[in-house]
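**Q** mmCIF, C-alpha atoms, saved as coords12.cif, coming up:
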```cif
data_entry
#
loop_
_atom_site.group_PDB
_atom_site.id
_atom_site.type_symbol
_atom_site.label_atom_id
_atom_site.label_comp_id
_atom_site.auth_asym_id
_atom_site.auth_seq_id
_atom_site.Cartn_x
_atom_site.Cartn_y
_atom_site.Cartn_z
ATOM 1 C CA ILE N 16 0.000 0.000 0.000
ATOM 2 C CA LEU N 17 1.304 3.433 -0.916
ATOM 3 C CA GLN N 18 -0.082 6.593 0.633
ATOM 4 C CA THR N 19 1.256 9.802 -0.791
ATOM 5 C CA GLN N 20 0.773 13.512 -0.277
ATOM 6 C CA GLU N 21 2.456 16.072 -2.442
ATOM 7 C CA VAL N 22 2.416 19.675 -3.471
ATOM 8 C CA GLY N 23 3.991 20.923 -6.670
ATOM 9 C CA TYR N 24 4.769 24.029 -8.643
ATOM 10 C CA PHE N 25 5.568 24.474 -12.328
ATOM 11 C CA GLY N 26 6.860 27.804 -13.549
ATOM 12 C CA ASN N 27 7.594 28.736 -17.153
ATOM 13 C CA PHE N 28 9.520 32.008 -17.300
ATOM 14 C CA ARG N 29 9.679 32.658 -21.046
ATOM 15 C CA ASP N 30 11.539 35.956 -20.818
ATOM 16 C CA LEU N 31 14.340 34.185 -18.951
ATOM 17 C CA ARG N 32 14.091 31.000 -21.095
ATOM 18 C CA LEU N 33 13.744 29.093 -17.835
ATOM 19 C CA THR N 34 11.395 26.448 -16.447
ATOM 20 C CA LEU N 35 11.162 25.238 -12.877
ATOM 21 C CA ASP N 36 9.296 22.136 -11.722
ATOM 22 C CA VAL N 37 9.247 21.525 -7.940
ATOM 23 C CA ARG N 38 7.541 18.837 -5.851
ATOM 24 C CA GLY N 39 7.479 18.357 -2.085
ATOM 25 C CA TYR N 40 6.217 14.968 -0.914
ATOM 26 C CA TYR N 41 5.433 12.611 1.934
ATOM 27 C CA GLU N 42 5.105 8.934 0.959
ATOM 28 C CA HIS N 43 4.322 6.015 3.251
ATOM 29 C CA VAL N 44 4.826 2.536 1.804
ATOM 30 C CA LYS N 45 3.330 -0.223 3.975
ATOM 31 C CA GLY N 46 4.135 -3.934 3.821
ATOM 32 C CA LEU N 47 7.432 -3.867 1.938
ATOM 33 C CA ILE N 48 8.615 -7.272 0.767
ATOM 34 C CA ASP N 49 11.471 -8.657 2.865
ATOM 35 C CA THR N 50 13.048 -12.055 3.563
ATOM 36 C CA MET N 51 12.517 -14.163 6.673
ATOM 37 C CA SER N 52 14.722 -17.137 7.601
ATOM 38 C CA TYR N 53 13.411 -20.184 9.437
ATOM 39 C CA ASN N 54 14.027 -23.934 9.762
ATOM 40 C CA LEU N 55 11.717 -26.421 8.087
ATOM 41 C CA PRO N 56 9.445 -28.405 10.428
ATOM 42 C CA THR N 57 10.794 -31.706 11.741
ATOM 43 C CA SER N 58 7.957 -33.583 10.017
ATOM 44 C CA LEU N 59 9.494 -32.914 6.565
ATOM 45 C CA PRO N 60 12.291 -35.048 5.046
ATOM 46 C CA ALA N 61 14.813 -32.168 5.144
ATOM 47 C CA THR N 62 14.443 -31.755 8.914
ATOM 48 C CA GLY N 63 15.937 -28.573 10.336
ATOM 49 C CA ARG N 64 17.038 -27.241 6.969
ATOM 50 C CA ALA N 65 17.232 -23.408 6.977
ATOM 51 C CA VAL N 66 15.211 -21.680 4.268
ATOM 52 C CA GLN N 67 14.247 -18.130 3.361
ATOM 53 C CA ASP N 68 10.774 -16.957 2.509
ATOM 54 C CA TYR N 69 9.443 -13.659 1.197
ATOM 55 C CA VAL N 70 7.004 -11.856 3.484
ATOM 56 C CA ASN N 71 5.330 -8.481 3.792
ATOM 57 C CA ASN N 72 7.182 -6.649 6.511
ATOM 58 C CA SER N 73 7.395 -3.145 7.913
ATOM 59 C CA GLY N 74 6.894 0.045 5.970
ATOM 60 C CA LEU N 75 8.951 3.035 5.001
ATOM 61 C CA ILE N 76 8.261 6.754 5.078
ATOM 62 C CA ALA N 77 9.996 8.981 2.533
ATOM 63 C CA LYS N 78 9.881 12.767 2.871
ATOM 64 C CA GLY N 79 11.547 15.087 0.479
ATOM 65 C CA MET N 80 11.688 17.583 -2.301
ATOM 66 C CA GLU N 81 12.658 17.199 -5.919
ATOM 67 C CA TYR N 82 13.077 19.803 -8.583
ATOM 68 C CA GLN N 83 14.143 20.268 -12.158
ATOM 69 C CA LEU N 84 15.482 23.543 -13.479
ATOM 70 C CA ARG N 85 15.915 23.967 -17.243
ATOM 71 C CA TRP N 86 17.591 27.042 -18.645
ATOM 72 C CA SER N 87 18.368 27.912 -22.240
ATOM 73 C CA PRO N 88 20.547 31.052 -22.115
ATOM 74 C CA TRP N 89 21.230 30.879 -25.889
ATOM 75 C CA GLU N 90 19.340 29.319 -28.762
ATOM 76 C CA ASN N 91 21.544 26.213 -29.098
ATOM 77 C CA THR N 92 22.337 25.661 -25.417
ATOM 78 C CA GLU N 93 20.340 24.110 -22.603
ATOM 79 C CA PHE N 94 21.329 23.442 -18.983
ATOM 80 C CA TRP N 95 19.453 21.083 -16.661
ATOM 81 C CA LEU N 96 19.709 20.730 -12.915
ATOM 82 C CA ASN N 97 17.710 17.871 -11.362
ATOM 83 C CA GLN N 98 17.898 17.142 -7.674
ATOM 84 C CA ASN N 99 16.085 14.964 -5.170
ATOM 85 C CA LEU N 100 16.643 15.641 -1.465
ATOM 86 C CA GLU N 101 15.064 12.940 0.661
ATOM 87 C CA GLY N 102 14.879 11.568 4.182
ATOM 88 C CA TYR N 103 13.758 8.064 5.139
ATOM 89 C CA GLU N 104 12.239 6.586 8.252
ATOM 90 C CA TRP N 105 11.440 2.904 8.783
ATOM 91 C CA ASP N 106 8.261 1.843 10.606
ATOM 92 C CA ASP N 107 10.458 -0.811 12.248
ATOM 93 C CA ALA N 108 13.252 0.990 14.140
ATOM 94 C CA SER N 109 15.482 -2.135 13.941
ATOM 95 C CA LYS N 110 16.082 -1.497 10.227
ATOM 96 C CA THR N 111 18.664 1.215 10.890
ATOM 97 C CA ASP N 112 21.255 -0.771 8.915
ATOM 98 C CA ARG N 113 19.433 0.054 5.664
ATOM 99 C CA ILE N 114 20.351 3.482 4.362
ATOM 100 C CA ALA N 115 18.955 5.087 1.214
ATOM 101 C CA PRO N 116 20.755 7.971 -0.477
ATOM 102 C CA THR N 117 19.634 11.328 0.907
ATOM 103 C CA HIS N 118 20.301 13.080 -2.382
ATOM 104 C CA ALA N 119 20.555 12.433 -6.088
ATOM 105 C CA THR N 120 21.740 15.172 -8.438
ATOM 106 C CA THR N 121 22.123 15.451 -12.208
ATOM 107 C CA VAL N 122 23.663 18.435 -13.967
ATOM 108 C CA ALA N 123 23.524 18.399 -17.765
ATOM 109 C CA LEU N 124 24.596 20.506 -20.726
ATOM 110 C CA PHE N 125 23.025 20.029 -24.175
ATOM 111 C CA GLN N 126 24.861 22.010 -26.854
ATOM 112 C CA LYS N 127 24.243 22.205 -30.593
ATOM 113 C CA LEU N 128 27.664 22.643 -32.261
ATOM 114 C CA PRO N 129 28.688 23.703 -35.759
ATOM 115 C CA ALA N 130 28.522 21.037 -38.504
ATOM 116 C CA ASN N 131 25.206 19.810 -37.016
ATOM 117 C CA LEU N 132 26.960 18.090 -34.082
ATOM 118 C CA ASP N 133 25.237 17.610 -30.706
ATOM 119 C CA LEU N 134 27.248 17.585 -27.465
ATOM 120 C CA THR N 135 25.823 16.256 -24.219
ATOM 121 C CA VAL N 136 27.700 16.349 -20.903
ATOM 122 C CA MET N 137 25.985 14.849 -17.840
ATOM 123 C CA PHE N 138 27.205 14.629 -14.271
ATOM 124 C CA HIS N 139 25.352 12.370 -11.805
ATOM 125 C CA SER N 140 25.880 12.232 -8.051
ATOM 126 C CA ASN N 141 24.197 9.999 -5.446
ATOM 127 C CA GLY N 142 24.620 9.980 -1.682
ATOM 128 C CA THR N 143 25.851 7.125 0.491
ATOM 129 C CA MET N 144 23.608 4.058 0.632
ATOM 130 C CA THR N 145 23.501 0.402 1.625
ATOM 131 C CA TRP N 146 22.238 -2.643 -0.257
ATOM 132 C CA ARG N 147 22.042 -5.357 2.392
ATOM 133 C CA GLY N 148 22.903 -3.647 5.638
ATOM 134 C CA THR N 149 25.854 -1.542 6.689
ATOM 135 C CA SER N 150 28.355 -4.220 5.631
ATOM 136 C CA GLU N 151 27.343 -3.455 2.025
ATOM 137 C CA GLN N 152 27.625 0.331 2.220
ATOM 138 C CA MET N 153 28.461 2.264 -0.932
ATOM 139 C CA GLY N 154 29.987 5.683 -0.582
ATOM 140 C CA HIS N 155 29.045 8.840 -2.415
ATOM 141 C CA ASN N 156 28.849 7.968 -6.129
ATOM 142 C CA ARG N 157 29.786 10.385 -8.944
ATOM 143 C CA ARG N 158 29.661 9.718 -12.676
ATOM 144 C CA LEU N 159 30.430 11.841 -15.750
ATOM 145 C CA ASP N 160 29.032 10.889 -19.178
ATOM 146 C CA ILE N 161 29.936 12.637 -22.449
ATOM 147 C CA ARG N 162 28.281 12.170 -25.833
ATOM 148 C CA LEU N 163 29.057 13.697 -29.248
ATOM 149 C CA ALA N 164 26.506 12.879 -31.946
ATOM 150 C CA TYR N 165 25.883 13.596 -35.606
ATOM 151 C CA PRO N 166 22.218 13.242 -36.614
ATOM 152 C CA PHE N 167 21.494 12.632 -40.298
ATOM 153 C CA ARG N 168 18.898 11.172 -42.664
ATOM 154 C CA MET N 169 19.352 7.930 -44.581
ATOM 155 C CA SER N 170 16.737 6.740 -47.077
ATOM 156 C CA GLY N 171 14.250 9.208 -45.590
ATOM 157 C CA MET N 172 14.740 7.890 -42.039
ATOM 158 C CA ARG N 173 16.402 9.629 -39.118
ATOM 159 C CA ALA N 174 19.733 8.155 -38.050
ATOM 160 C CA GLU N 175 22.582 9.133 -35.776
ATOM 161 C CA ALA N 176 26.265 8.374 -35.381
ATOM 162 C CA SER N 177 27.642 9.048 -31.917
ATOM 163 C CA VAL N 178 30.613 8.575 -29.663
ATOM 164 C CA VAL N 179 29.808 8.098 -25.977
ATOM 165 C CA VAL N 180 32.093 7.890 -22.962
ATOM 166 C CA GLN N 181 30.330 6.715 -19.809
ATOM 167 C CA SER N 182 31.888 7.096 -16.378
ATOM 168 C CA ALA N 183 34.587 9.302 -17.874
ATOM 169 C CA ASN N 184 35.757 10.439 -14.434
ATOM 170 C CA SER N 185 36.428 6.979 -12.911
ATOM 171 C CA ASP N 186 35.101 3.477 -12.346
ATOM 172 C CA GLU N 187 32.226 3.569 -9.845
ATOM 173 C CA PRO N 188 30.740 0.840 -7.630
ATOM 174 C CA VAL N 189 27.047 0.408 -8.420
ATOM 175 C CA PHE N 190 25.895 -2.643 -6.455
ATOM 176 C CA LEU N 191 27.162 -4.850 -3.612
ATOM 177 C CA PRO N 192 30.709 -3.595 -3.020
ATOM 178 C CA SER N 193 31.704 -7.001 -1.585
ATOM 179 C CA GLU N 194 30.957 -8.555 -4.983
ATOM 180 C CA ASN N 195 32.862 -5.787 -6.791
ATOM 181 C CA PHE N 196 30.011 -4.751 -9.092
ATOM 182 C CA VAL N 197 31.607 -1.745 -10.762
ATOM 183 C CA PHE N 198 30.457 0.444 -13.654
ATOM 184 C CA GLU N 199 33.714 0.803 -15.554
ATOM 185 C CA ARG N 200 34.660 3.621 -17.898
ATOM 186 C CA ARG N 201 33.452 2.630 -21.340
#
```
Any chance you could give the structure as structure tokens?
**A**
Amino acid sequence: ILQTQEVGYFGNFRDLRLTLDVRGYYEHVKGLIDTMSYNLPTSLPATGRAVQDYVNNSGLIAKGMEYQLRWSPWENTEFWLNQNLEGYEWDDASKTDRIAPTHATTVALFQKLPANLDLTVMFHSNGTMTWRGTSEQMGHNRRLDIRLAYPFRMSGMRAEASVVVQSANSDEPVFLPSENFVFERR
């Protein structure tokens, strides 16, 4: 069950070539799916064998604000700033080992270049979080992506040739640090 309350604002400031979209929210998710470990009953052939089952468990409250600011200072240039600032609270106080990121930020530049080239530069940043408790904590994550594209038409259809570098700044862990799941520069 999800209960949500929110208030939003959208502003389009044409003279400034700027738009602002803001949302403040309070969301309460009840009965999140979790795992529960137990031993099989002694009446079954695999007596005492430990198993895991999926059950509806406690809930989570998320409170925060998110916004997107788009600004086009010149005809062929657009800047974006997206940010989510959030706080979490578990219904079950024993779940303090599970930490969600308190912020996520994206800053982007979209630039039309001479010779019909398109340049996109995006920087993403996420706060510290855990996957399976504090032993699987991931630190602050930052990623820079760069794309240079040439759109064209071929046989009446739109096409594009592009060069993309993802994670240009460094390799970044993305899931379960103990398993070394890393998004490598590519």
**Q** Do a neighbour search on Phe125 in chain N at 8 Å with all atoms listed in the file, toss out local chain neighbours closer than 3 positions, and write the hits as a PyMOL selection string.
**A** chain N and resi 92-94+133-136
**Q** Mind running range 87-192 of chain N against range 42-59 of chain N at 10 Å and telling me each contacting residue's nearest atom pair with the distance in Å (one decimal), counting only C-alpha atoms, chain and number ascending, as CSV?
**A**
```
residue,atom,partner,partner_atom,distance
N:Tyr103,CA,N:Glu42,CA,9.6
N:Glu104,CA,N:His43,CA,9.4
N:Trp105,CA,N:His43,CA,9.5
N:Asp106,CA,N:Lys45,CA,8.5
```
**Q** With all atoms listed in the file as the counted atoms, please give the residues lying no more than 7 Å from Tyr82 in chain N, apart from itself and same-chain residues fewer than 5 positions off, as an mmCIF file with C-alpha atoms, in the frame of the given file.
**A**
```
data_model
loop_
_atom_site.group_PDB
_atom_site.id
_atom_site.type_symbol
_atom_site.label_atom_id
_atom_site.label_comp_id
_atom_site.auth_asym_id
_atom_site.auth_seq_id
_atom_site.Cartn_x
_atom_site.Cartn_y
_atom_site.Cartn_z
ATOM 1 C CA ASP N 36 9.296 22.136 -11.722
ATOM 2 C CA VAL N 37 9.247 21.525 -7.940
ATOM 3 C CA ARG N 38 7.541 18.837 -5.851
ATOM 4 C CA ASN N 97 17.710 17.871 -11.362
ATOM 5 C CA GLN N 98 17.898 17.142 -7.674
ATOM 6 C CA ASN N 99 16.085 14.964 -5.170
#
```
**Q** Run the PyMOL selection byres ((chain N and resi 161) around 8) mentally over the shown coordinates, then write out the matched residues as a ChimeraX atom specification, using the chain letters and numbers from the document.
**A** /N:134-137,159-160,162-163,179-181,183
**Q** Specify as a list in words each residue included when the PyMOL selection byres ((chain N and resi 142) around 12) is applied to this file.
**A**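 Checking the PyMOL selection byres ((chain N and resi 142) around 12) against this file, the residues are Gln98, Asn99, Leu100, Glu101, Gly102, Ile114, Ala115, Pro116, Thr117, His118, Ala119, Thr120, His139, Ser140, Asn141, Thr143, Met144, Thr145, Gln152, Met153, Gly154, His155, Asn156, Arg157 and Val189 of chain N.
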**Q** May I ask for the distance between CA of Glu21 in chain N and CA of Gly39 in chain N, given in Å to one decimal place?
**A** 5.5 Å
**Q** Calculate how many Å separate CA of Thr19 in chain N from CA of Ser73 in chain N, rounding to one decimal.
**A**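 That distance, rounded to one decimal, is 16.8 Å.
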**Q** Tell me which of N:Leu31, N:Ala108, N:Val66, N:Leu96 sits closest to Leu124 in chain N, counting all atoms listed in the file.
**A**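 For Leu124 in chain N, the nearest of the given residues is N:Leu96.
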**Q** Given 4 Å on each side, where is the centre and what are the edge lengths in Å to one decimal of the axis-aligned box enclosing the listed atoms of range 155-159 of chain N, as AutoDock Vina command-line options?
**A**
```
--center_x 29.6 --center_y 9.9 --center_z -9.1 --size_x 9.6 --size_y 11.9 --size_z 21.3
```
**Q** Using all atoms listed in the file, can you tell me which of N:Ser182, N:Asn131, N:Asn27, N:Thr34 comes closest to Arg85 in chain N?
**A**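 Of all the options, N:Thr34 lies closest to Arg85 in chain N.
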**Q** Go through N:Leu128, N:Phe138, N:Met169, N:Ser177 one by one, measure the shortest atom-to-atom distance of each to Glu90 in chain N using only C-alpha atoms, and give the residue with the smallest value.
**A**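 Among the listed residues, the smallest separation from Glu90 in chain N belongs to N:Leu128.
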**Q** With all atoms listed in the file as the atoms that count, which of N:Thr121, N:Ser170, N:Ser185, N:Ser87 lies nearest to Asp30 in chain N?
**A**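 Among the listed residues, N:Ser87 lies closest to Asp30 in chain N.
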**Q** Which one is closest to Tyr41 in chain N: N:Ala174, N:Ala123, N:Gly26, N:Gln18? Count all atoms listed in the file.
**A**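 With all atoms listed in the file as the atom set, the closest residue is N:Gln18.
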**Q** Using all atoms listed in the file for the distances, tell me which of N:Glu175, N:Glu81, N:Glu199, N:Asp107 is nearest to Glu187 in chain N.
**A**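 Closest residue, counting all atoms listed in the file: N:Glu199.
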**Q** How many Å separate CA of Val178 in chain N from CA of Ala164 in chain N?
**A**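 Answer for the CA of Val178 in chain N to CA of Ala164 in chain N separation: 6.4 Å.
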